[in-house]
Structure formats: C-alpha cells, structure tokens
Amino acid sequence: MTARHSALCVEEAEEVVKELRAALAKAGITLPSLGVDPVSLAREAPCPLVELGRCSVQTAQRLAAVVR
C-alpha cells in the first residue's frame with residue numbers, strides 16, 4: 001500500500017467523521033467520542049476505523065430510532 005493511498009484513506013475517514021457528526025447533529029444526537037480511531041492509524045499502512053465511542057442509554061435509543 002503506498003503512502004499516498006494511506007493518506008487518502010485517513011482523509012476519507014476524517015471527512016466521513018465530519019459528515020456523520022453533522023448528520024447526527026441534525027437529528028439532535030451527539031456522540032462525544034466520535035472520531036478517527038488513533039490505534040488504527042498506528043500501522044505502517046494505516047487503515048483507519050471510525051470510533052463511535054460510548055453514549056448514554058437515551059442517546060442510544062435516539063440513534064436506534066433514527067436508524068429505523
């Protein structure tokens with residue numbers, strides 16, 4: 001995997017985090033820990049994962065309702 005490909009993967013992950021944060025905000029939902037998982041970036045050829053993190057039961061219920 002080339003360095004440029006890895007950089008594009010990281011950029012894509014950061015962009016999707018912004019998009020998800022905005023979409024959730026429109027639904028009145030905030031996931032405080034939402035972000036790119038730093039551990040997944042520690043590899044020689046990063047393959048980023050999106051960390052959704054923890055949330056309250058109420059937030060999980062609201063998220064489930066929106067996804068349905």
# chains A, B, ... in the order shown; residues from 1 in each chain; ligands from 1
>>> residues_around(residues="Val50 of chain A", least_positions_apart="3", cutoff="7 Å", atoms="only C-alpha atoms", output="PyMOL selection string")
chain A and resi 13+35-37
>>> select_by_dssp(residues="chain A", states="strand (DSSP E or B)", output="list in words")
Gly35, Val36, Val50 and Glu51 of chain A
>>> closest_residue(among="A:Ser33, A:Pro46, A:Gln61, A:Val39", to="Arg4 of chain A", atoms="only C-alpha atoms")
A:Pro46
>>> residues_around(residues="Val66 of chain A", least_positions_apart="6", cutoff="12 Å", atoms="only C-alpha atoms", output="list in words")
Ala23, Leu24, Ala25, Lys26, Ala27, Gly28, Ile29, Thr59 and Ala60 of chain A
>>> write_last_selection(atoms="N, CA, C and O atoms", output="PDB file, in the first residue's frame")
ATOM      1  N   ALA A  23     -24.666  14.958  10.327  1.00  0.00           N
ATOM      2  CA  ALA A  23     -25.946  14.268  10.160  1.00  0.00           C
ATOM      3  C   ALA A  23     -26.576  13.944  11.513  1.00  0.00           C
ATOM      4  O   ALA A  23     -27.784  14.104  11.698  1.00  0.00           O
ATOM      5  N   LEU A  24     -25.758  13.499  12.448  1.00  0.00           N
ATOM      6  CA  LEU A  24     -26.271  13.219  13.786  1.00  0.00           C
ATOM      7  C   LEU A  24     -26.762  14.488  14.469  1.00  0.00           C
ATOM      8  O   LEU A  24     -27.792  14.476  15.148  1.00  0.00           O
ATOM      9  N   ALA A  25     -26.047  15.581  14.282  1.00  0.00           N
ATOM     10  CA  ALA A  25     -26.454  16.858  14.888  1.00  0.00           C
ATOM     11  C   ALA A  25     -27.821  17.294  14.365  1.00  0.00           C
ATOM     12  O   ALA A  25     -28.650  17.796  15.130  1.00  0.00           O
ATOM     13  N   LYS A  26     -28.071  17.077  13.078  1.00  0.00           N
ATOM     14  CA  LYS A  26     -29.384  17.417  12.509  1.00  0.00           C
ATOM     15  C   LYS A  26     -30.498  16.613  13.171  1.00  0.00           C
ATOM     16  O   LYS A  26     -31.631  17.064  13.252  1.00  0.00           O
ATOM     17  N   ALA A  27     -30.160  15.406  13.628  1.00  0.00           N
ATOM     18  CA  ALA A  27     -31.133  14.554  14.302  1.00  0.00           C
ATOM     19  C   ALA A  27     -31.137  14.798  15.810  1.00  0.00           C
ATOM     20  O   ALA A  27     -31.826  14.103  16.554  1.00  0.00           O
ATOM     21  N   GLY A  28     -30.338  15.770  16.259  1.00  0.00           N
ATOM     22  CA  GLY A  28     -30.279  16.087  17.677  1.00  0.00           C
ATOM     23  C   GLY A  28     -29.469  15.108  18.499  1.00  0.00           C
ATOM     24  O   GLY A  28     -29.676  14.959  19.698  1.00  0.00           O
ATOM     25  N   ILE A  29     -28.539  14.430  17.848  1.00  0.00           N
ATOM     26  CA  ILE A  29     -27.732  13.407  18.523  1.00  0.00           C
ATOM     27  C   ILE A  29     -26.264  13.822  18.510  1.00  0.00           C
ATOM     28  O   ILE A  29     -25.737  14.226  17.482  1.00  0.00           O
ATOM     29  N   THR A  59     -29.212   8.469  24.379  1.00  0.00           N
ATOM     30  CA  THR A  59     -28.629   8.730  23.062  1.00  0.00           C
ATOM     31  C   THR A  59     -28.692   7.484  22.191  1.00  0.00           C
ATOM     32  O   THR A  59     -29.022   7.562  21.008  1.00  0.00           O
ATOM     33  N   ALA A  60     -28.432   6.326  22.760  1.00  0.00           N
ATOM     34  CA  ALA A  60     -28.513   5.077  22.008  1.00  0.00           C
ATOM     35  C   ALA A  60     -29.941   4.833  21.516  1.00  0.00           C
ATOM     36  O   ALA A  60     -30.151   4.394  20.380  1.00  0.00           O
TER      37      ALA A  60
END
>>> residues_around(residues="Arg21 of chain A", least_positions_apart="3", cutoff="8 Å", atoms="only C-alpha atoms", output="ChimeraX atom specification")
/A:17-18,24-25,30-31,34
>>> residues_around(residues="Leu41 of chain A", least_positions_apart="6", cutoff="8 Å", atoms="only C-alpha atoms", output="number ranges by chain")
A: 10, 47-48
>>> atom_distance(atom1="atom CA of Pro32 of chain A", atom2="atom CA of Leu20 of chain A")
12.2 Å
>>> atom_distance(atom1="atom CA of Ala3 of chain A", atom2="atom CA of Ala22 of chain A")
28.9 Å
>>> select_by_dssp(residues="chain A", states="helix (DSSP H, G or I)", output="NGL selection string")
:A and (3-26 or 38-41 or 57-67)
